[in-house]
>>> print(open('final.cif').read())   # mmCIF, C-alpha atoms
data_run
loop_
_atom_site.label_atom_id
_atom_site.label_comp_id
_atom_site.auth_asym_id
_atom_site.auth_seq_id
_atom_site.Cartn_x
_atom_site.Cartn_y
_atom_site.Cartn_z
CA MET A 973 -20.20 16.98 -12.71
CA MET A 974 -16.47 16.87 -12.15
CA TRP A 975 -16.02 17.57 -8.44
CA PRO A 976 -16.70 14.07 -7.00
CA SER A 977 -13.98 12.46 -9.11
CA ILE A 978 -11.53 15.31 -8.42
CA ALA A 979 -12.28 15.16 -4.67
CA LEU A 980 -11.66 11.41 -4.59
CA LEU A 981 -8.43 11.71 -6.56
CA ALA A 982 -7.25 14.56 -4.33
CA PHE A 983 -8.03 12.47 -1.24
CA VAL A 984 -6.02 9.51 -2.53
CA THR A 985 -3.12 11.68 -3.67
CA LEU A 986 -2.88 13.52 -0.35
CA GLN A 987 -3.25 10.26 1.55
CA ARG A 988 -0.38 8.65 -0.36
CA LEU A 989 1.85 11.70 0.06
CA GLY A 990 1.09 11.75 3.79
CA GLU A 991 1.91 8.06 4.02
CA LEU A 992 5.27 8.66 2.34
CA VAL A 993 6.09 11.29 4.96
CA LEU A 994 5.05 8.92 7.76
CA ALA A 995 6.98 6.04 6.18
CA ARG A 996 10.16 8.15 5.91
CA ARG A 997 9.87 9.19 9.54
CA ASN A 998 9.24 5.63 10.71
CA THR A 999 12.04 4.23 8.54
CA ALA A 1000 14.55 6.75 9.92
CA ALA A 1001 13.49 5.98 13.50
CA LEU A 1002 13.74 2.22 12.91
CA LEU A 1003 17.19 2.53 11.32
CA ALA A 1004 18.32 4.66 14.27
CA ARG A 1005 17.25 1.78 16.55
CA GLY A 1006 19.42 -0.70 14.65
CA ALA A 1007 17.00 -1.89 11.98
CA ARG A 1008 18.21 -2.67 8.47
CA GLU A 1009 16.53 -2.27 5.13
CA VAL A 1010 16.50 -5.30 2.84
CA ALA A 1011 15.66 -5.80 -0.84
CA ALA A 1012 15.73 -2.07 -1.54
CA GLU A 1013 16.39 -2.64 -5.25
CA HIS A 1014 12.71 -3.20 -6.08
CA TYR A 1015 11.49 -0.17 -4.10
CA PRO A 1016 11.89 2.40 -6.94
CA VAL A 1017 9.90 0.11 -9.25
CA MET A 1018 7.11 -0.13 -6.68
CA VAL A 1019 7.05 3.65 -6.20
CA ALA A 1020 7.03 4.17 -9.97
CA LEU A 1021 4.11 1.76 -10.34
CA HIS A 1022 2.03 3.50 -7.67
CA THR A 1023 2.94 6.93 -9.05
CA ALA A 1024 1.94 5.88 -12.57
CA TRP A 1025 -1.32 4.47 -11.18
CA ILE A 1026 -2.24 7.80 -9.56
CA ILE A 1027 -1.06 9.95 -12.48
CA GLY A 1028 -2.99 7.79 -14.92
CA LEU A 1029 -6.13 8.15 -12.84
CA TRP A 1030 -5.65 11.94 -12.81
CA LEU A 1031 -5.48 11.81 -16.60
CA LEU A 1032 -8.44 9.48 -17.15
CA ALA A 1033 -10.87 9.88 -14.26
CA PRO A 1034 -11.72 13.59 -13.81
CA GLY A 1035 -15.27 14.20 -14.89
CA ARG A 1036 -16.17 10.51 -14.86
CA PRO A 1037 -19.03 9.50 -12.57
CA VAL A 1038 -18.05 7.73 -9.37
CA GLU A 1039 -19.78 4.36 -9.09
CA LEU A 1040 -21.20 4.05 -5.59
CA PHE A 1041 -20.51 0.34 -5.04
CA TRP A 1042 -16.79 0.58 -5.88
CA PHE A 1043 -16.49 3.86 -3.97
CA VAL A 1044 -17.85 2.11 -0.86
CA VAL A 1045 -15.46 -0.81 -1.39
CA PHE A 1046 -12.54 1.60 -1.76
CA MET A 1047 -13.51 3.54 1.37
CA ALA A 1048 -13.90 0.30 3.36
CA LEU A 1049 -10.35 -0.54 2.31
CA GLN A 1050 -9.27 2.84 3.73
CA GLY A 1051 -10.68 1.80 7.09
CA LEU A 1052 -8.68 -1.42 6.90
CA ARG A 1053 -5.58 0.60 5.92
CA LEU A 1054 -6.00 2.70 9.07
CA TRP A 1055 -6.29 -0.52 11.10
CA VAL A 1056 -2.93 -1.69 9.70
CA LEU A 1057 -1.31 1.69 10.45
CA ALA A 1058 -2.71 1.74 13.98
CA THR A 1059 -1.55 -1.81 14.59
CA LEU A 1060 2.01 -1.33 13.34
CA LYS A 1061 2.42 2.22 14.69
CA GLY A 1062 6.09 3.19 14.35
CA ARG A 1063 6.95 -0.05 12.59
CA TRP A 1064 4.84 0.78 9.52
CA THR A 1065 6.90 1.78 6.50
CA THR A 1066 6.76 1.46 2.75
CA ARG A 1067 10.15 -0.26 2.72
CA ILE A 1068 11.15 -3.67 4.02
CA VAL A 1069 12.82 -2.76 7.30
CA ILE A 1070 13.74 -5.47 9.79
CA LEU A 1071 14.31 -4.62 13.44
CA PRO A 1072 16.39 -7.45 14.92
CA GLY A 1073 14.86 -9.00 17.99
CA ALA A 1074 11.49 -7.36 17.49
CA PRO A 1075 8.65 -9.87 17.62
CA LEU A 1076 6.42 -10.35 14.62
CA VAL A 1077 3.23 -8.32 14.96
CA ARG A 1078 0.33 -10.74 15.46
CA SER A 1079 -2.42 -8.38 16.59
CA GLY A 1080 -5.01 -6.40 14.66
CA PRO A 1081 -5.41 -7.58 11.05
CA TYR A 1082 -2.19 -9.61 11.41
CA ARG A 1083 -4.23 -12.15 13.37
CA PHE A 1084 -5.95 -13.03 10.12
CA LEU A 1085 -3.36 -12.45 7.37
CA ARG A 1086 0.42 -12.44 7.24
CA HIS A 1087 0.45 -9.41 4.91
CA PRO A 1088 -2.85 -7.52 5.33
CA ASN A 1089 -1.46 -4.27 3.95
CA TYR A 1090 -0.66 -5.97 0.65
CA ALA A 1091 -4.15 -7.46 0.50
CA ILE A 1092 -5.55 -3.96 0.98
CA VAL A 1093 -3.32 -2.52 -1.74
CA ILE A 1094 -4.46 -5.28 -4.12
CA GLY A 1095 -8.04 -4.20 -3.45
CA GLU A 1096 -7.27 -0.50 -3.83
CA ILE A 1097 -5.40 -0.88 -7.11
CA ALA A 1098 -8.53 -2.51 -8.57
CA ALA A 1099 -11.36 -0.76 -6.72
CA LEU A 1100 -10.43 2.87 -7.39
CA PRO A 1101 -10.27 2.53 -11.19
CA LEU A 1102 -13.48 0.48 -11.06
CA ALA A 1103 -15.10 3.33 -9.11
CA PHE A 1104 -14.38 5.48 -12.17
CA GLY A 1105 -15.63 2.84 -14.63
CA LEU A 1106 -12.13 1.92 -15.83
CA PRO A 1107 -12.05 -1.90 -15.76
CA LEU A 1108 -9.15 -2.32 -18.22
CA TYR A 1109 -7.07 0.13 -16.17
CA ALA A 1110 -7.88 -1.90 -13.04
CA ILE A 1111 -6.80 -5.13 -14.75
CA VAL A 1112 -3.53 -3.75 -16.15
CA PHE A 1113 -2.42 -2.20 -12.87
CA SER A 1114 -3.58 -5.21 -10.88
CA LEU A 1115 -1.35 -7.44 -13.01
CA LEU A 1116 1.62 -5.08 -12.69
CA ASN A 1117 1.02 -4.84 -8.94
CA ALA A 1118 0.89 -8.64 -8.69
CA LEU A 1119 4.34 -8.83 -10.27
CA ILE A 1120 5.91 -6.36 -7.85
CA LEU A 1121 4.11 -7.89 -4.87
CA HIS A 1122 5.42 -11.33 -5.82
CA VAL A 1123 8.96 -9.97 -5.58
CA ARG A 1124 8.22 -7.96 -2.45
CA VAL A 1125 6.44 -10.65 -0.42
CA LYS A 1126 9.13 -13.18 -1.29
CA ALA A 1127 11.84 -10.72 -0.17
CA GLU A 1128 9.97 -9.75 2.99
CA ASN A 1129 9.31 -13.34 4.01
CA ALA A 1130 12.99 -14.22 3.43
CA ALA A 1131 14.10 -11.21 5.49
CA LEU A 1132 11.75 -12.09 8.35
CA LYS A 1133 12.89 -15.70 8.25
CA SER A 1134 16.55 -14.75 8.28
CA ALA A 1135 15.89 -12.49 11.25
CA MET A 1136 14.27 -15.57 12.90
CA ILE A 1137 11.07 -13.62 13.37
CA LEU A 1138 8.96 -15.75 11.06
CA LYS A 1139 8.25 -19.36 11.98
#
>>> encode(input="final.cif", output="structure tokens")
Amino acid sequence: MMWPSIALLAFVTLQRLGELVLARRNTAALLARGAREVAAEHYPVMVALHTAWIIGLWLLAPGRPVELFWFVVFMALQGLRLWVLATLKGRWTTRIVILPGAPLVRSGPYRFLRHPNYAIVIGEIAALPLAFGLPLYAIVFSLLNALILHVRVKAENAALKSAMILK
């Protein structure tokens, strides 16, 4: 039976495309308010990684059974993703955009983690392939994601520090 895997892949693909639209809108609004983007040079690599992750899943996962445990884990992560989006509102973007003078968000999941969205993405990159029974795929993309997140978190922390937002 192919439809569960196709439905899940379609959900994730449409979600990511919708998030890119939201991120573009939020980025434009933040820049119009005087924000600045930093460390943009790694952004195309991050987009390429996530695009390759989804395309690869479209190539490998259709028709594979969806393992219930990992599906539930992945869907729980979607709830956490919505919590991040609701907490950041117009400040959520896929780029590193610093709004001078804006206080660091410390509510919602940011009470518990400095970078909850990245923790969620780490989980998603692993859980979705595992839901399709693709453990090697999960490992490879988790390692690649770890590399880009190392660069990104370092750049974001430096940008926040230089904006005197981070203590």
>>> residues_near_point(input="final.cif", point="(-17.4, 18.1, -14.4)", cutoff="12 Å", atoms="all atoms listed in the file", output="PyMOL selection string")
chain A and resi 973-979+1033-1038
>>> closest_atom_pairs(input="final.cif", of="segment 1026-1136 of chain A", to="segment 993-1010 of chain A", cutoff="8 Å", atoms="all atoms listed in the file", output="Markdown table")
| residue | atom | partner | partner_atom | distance |
| --- | --- | --- | --- | --- |
| A:Gly1062 | CA | A:Asn998 | CA | 5.4 |
| A:Arg1063 | CA | A:Asn998 | CA | 6.4 |
| A:Trp1064 | CA | A:Ala995 | CA | 6.6 |
| A:Thr1065 | CA | A:Ala995 | CA | 4.3 |
| A:Thr1066 | CA | A:Ala995 | CA | 5.7 |
| A:Arg1067 | CA | A:Glu1009 | CA | 7.1 |
| A:Ile1068 | CA | A:Glu1009 | CA | 5.7 |
| A:Val1069 | CA | A:Glu1009 | CA | 4.3 |
| A:Ile1070 | CA | A:Ala1007 | CA | 5.3 |
| A:Leu1071 | CA | A:Ala1007 | CA | 4.1 |
| A:Pro1072 | CA | A:Ala1007 | CA | 6.3 |
| A:Ala1127 | CA | A:Val1010 | CA | 7.8 |
| A:Glu1128 | CA | A:Val1010 | CA | 7.9 |
| A:Ala1131 | CA | A:Val1010 | CA | 6.9 |
>>> closest_residue(input="final.cif", among="A:Val1123, A:Ala1103, A:Phe1046, A:Ala1130", to="His1014 of chain A", atoms="all atoms listed in the file")
A:Val1123
>>> atom_distance(input="final.cif", atom1="atom CA of Lys1126 of chain A", atom2="atom CA of Val1077 of chain A")
18.0 Å
>>> residues_near_point(input="final.cif", point="(7.1, -11.2, 16.2)", cutoff="12 Å", atoms="only C-alpha atoms", output="ChimeraX atom specification")
/A:1060,1063,1070-1079,1082-1083,1086,1132-1133,1135-1139
>>> residues_around(input="final.cif", residues="His1087 of chain A", least_positions_apart="3", cutoff="10 Å", atoms="all atoms listed in the file", output="list in words")
Val1056, Pro1081, Tyr1082, Phe1084, Tyr1090, Ala1091, Ile1092, Val1125, Glu1128 and Asn1129 of chain A
>>> resolve_selection(input="final.cif", expression="the PyMOL selection byres ((chain A and resi 1099) around 10)", output="list of chain:residue names")
A:Phe1041, A:Trp1042, A:Phe1043, A:Val1044, A:Val1045, A:Phe1046, A:Met1047, A:Leu1049, A:Val1093, A:Ile1094, A:Gly1095, A:Glu1096, A:Ile1097, A:Ala1098, A:Leu1100, A:Pro1101, A:Leu1102, A:Ala1103, A:Phe1104, A:Gly1105, A:Leu1106, A:Pro1107, A:Ala1110, A:Ser1114
>>> atom_distance(input="final.cif", atom1="atom CA of Leu1031 of chain A", atom2="atom CA of Ala1012 of chain A")
29.5 Å
>>> atom_distance(input="final.cif", atom1="atom CA of Gly1028 of chain A", atom2="atom CA of Phe1113 of chain A")
10.2 Å
>>> closest_residue(input="final.cif", among="A:Leu1054, A:Ala1020, A:Ala1048, A:Ile1026", to="Arg988 of chain A", atoms="only C-alpha atoms")
A:Ile1026
>>> axis_aligned_box(input="final.cif", around="segment 1061-1071 of chain A", padding_each_side="4 Å", output="lines of an AutoDock Vina configuration file")
center_x = 8.4
center_y = -1.1
center_z = 8.7
size_x = 19.9
size_y = 16.7
size_z = 20.0
>>> closest_residue(input="final.cif", among="A:Val1112, A:Leu1057, A:Leu1032, A:Leu1119", to="Asn1089 of chain A", atoms="all atoms listed in the file")
A:Leu1057
>>> closest_residue(input="final.cif", among="A:Lys1061, A:Gln1050, A:Leu986, A:Tyr1015", to="Ile1120 of chain A", atoms="only C-alpha atoms")
A:Tyr1015
>>> build_atoms(input="final.cif", residues="segment 1031-1047 of chain A", atoms="N, CA and C atoms", output="PDB file, in the coordinates of the input")
ATOM      1  N   LEU A1031      -5.293  11.538 -15.175  1.00  0.00           N
ATOM      2  CA  LEU A1031      -5.480  11.810 -16.600  1.00  0.00           C
ATOM      3  C   LEU A1031      -6.816  11.284 -17.133  1.00  0.00           C
ATOM      4  N   LEU A1032      -7.258  10.148 -16.605  1.00  0.00           N
ATOM      5  CA  LEU A1032      -8.440   9.480 -17.150  1.00  0.00           C
ATOM      6  C   LEU A1032      -9.739   9.699 -16.378  1.00  0.00           C
ATOM      7  N   ALA A1033      -9.663   9.930 -15.081  1.00  0.00           N
ATOM      8  CA  ALA A1033     -10.870   9.880 -14.260  1.00  0.00           C
ATOM      9  C   ALA A1033     -11.610  11.207 -14.044  1.00  0.00           C
ATOM     10  N   PRO A1034     -10.951  12.366 -14.075  1.00  0.00           N
ATOM     11  CA  PRO A1034     -11.720  13.590 -13.810  1.00  0.00           C
ATOM     12  C   PRO A1034     -12.924  13.721 -14.741  1.00  0.00           C
ATOM     13  N   GLY A1035     -14.042  14.031 -14.133  1.00  0.00           N
ATOM     14  CA  GLY A1035     -15.270  14.200 -14.890  1.00  0.00           C
ATOM     15  C   GLY A1035     -16.064  12.910 -15.070  1.00  0.00           C
ATOM     16  N   ARG A1036     -15.448  11.782 -14.756  1.00  0.00           N
ATOM     17  CA  ARG A1036     -16.170  10.510 -14.860  1.00  0.00           C
ATOM     18  C   ARG A1036     -17.050  10.352 -13.617  1.00  0.00           C
ATOM     19  N   PRO A1037     -18.206   9.739 -13.757  1.00  0.00           N
ATOM     20  CA  PRO A1037     -19.030   9.500 -12.570  1.00  0.00           C
ATOM     21  C   PRO A1037     -18.341   8.496 -11.647  1.00  0.00           C
ATOM     22  N   VAL A1038     -18.596   8.646 -10.368  1.00  0.00           N
ATOM     23  CA  VAL A1038     -18.050   7.730  -9.370  1.00  0.00           C
ATOM     24  C   VAL A1038     -19.129   6.706  -9.051  1.00  0.00           C
ATOM     25  N   GLU A1039     -18.826   5.434  -9.330  1.00  0.00           N
ATOM     26  CA  GLU A1039     -19.780   4.360  -9.090  1.00  0.00           C
ATOM     27  C   GLU A1039     -19.830   4.046  -7.600  1.00  0.00           C
ATOM     28  N   LEU A1040     -21.020   4.142  -7.031  1.00  0.00           N
ATOM     29  CA  LEU A1040     -21.200   4.050  -5.590  1.00  0.00           C
ATOM     30  C   LEU A1040     -20.663   2.750  -4.992  1.00  0.00           C
ATOM     31  N   PHE A1041     -20.952   1.611  -5.604  1.00  0.00           N
ATOM     32  CA  PHE A1041     -20.510   0.340  -5.040  1.00  0.00           C
ATOM     33  C   PHE A1041     -18.994   0.310  -4.867  1.00  0.00           C
ATOM     34  N   TRP A1042     -18.253   0.642  -5.940  1.00  0.00           N
ATOM     35  CA  TRP A1042     -16.790   0.580  -5.880  1.00  0.00           C
ATOM     36  C   TRP A1042     -16.230   1.680  -4.993  1.00  0.00           C
ATOM     37  N   PHE A1043     -16.904   2.810  -4.910  1.00  0.00           N
ATOM     38  CA  PHE A1043     -16.490   3.860  -3.970  1.00  0.00           C
ATOM     39  C   PHE A1043     -16.585   3.343  -2.539  1.00  0.00           C
ATOM     40  N   VAL A1044     -17.674   2.670  -2.213  1.00  0.00           N
ATOM     41  CA  VAL A1044     -17.850   2.110  -0.860  1.00  0.00           C
ATOM     42  C   VAL A1044     -16.788   1.050  -0.583  1.00  0.00           C
ATOM     43  N   VAL A1045     -16.514   0.199  -1.563  1.00  0.00           N
ATOM     44  CA  VAL A1045     -15.460  -0.810  -1.390  1.00  0.00           C
ATOM     45  C   VAL A1045     -14.125  -0.118  -1.126  1.00  0.00           C
ATOM     46  N   PHE A1046     -13.809   0.884  -1.924  1.00  0.00           N
ATOM     47  CA  PHE A1046     -12.540   1.600  -1.760  1.00  0.00           C
ATOM     48  C   PHE A1046     -12.461   2.251  -0.374  1.00  0.00           C
ATOM     49  N   MET A1047     -13.532   2.873   0.061  1.00  0.00           N
ATOM     50  CA  MET A1047     -13.510   3.540   1.370  1.00  0.00           C
ATOM     51  C   MET A1047     -13.422   2.515   2.508  1.00  0.00           C
TER      52      MET A1047
END
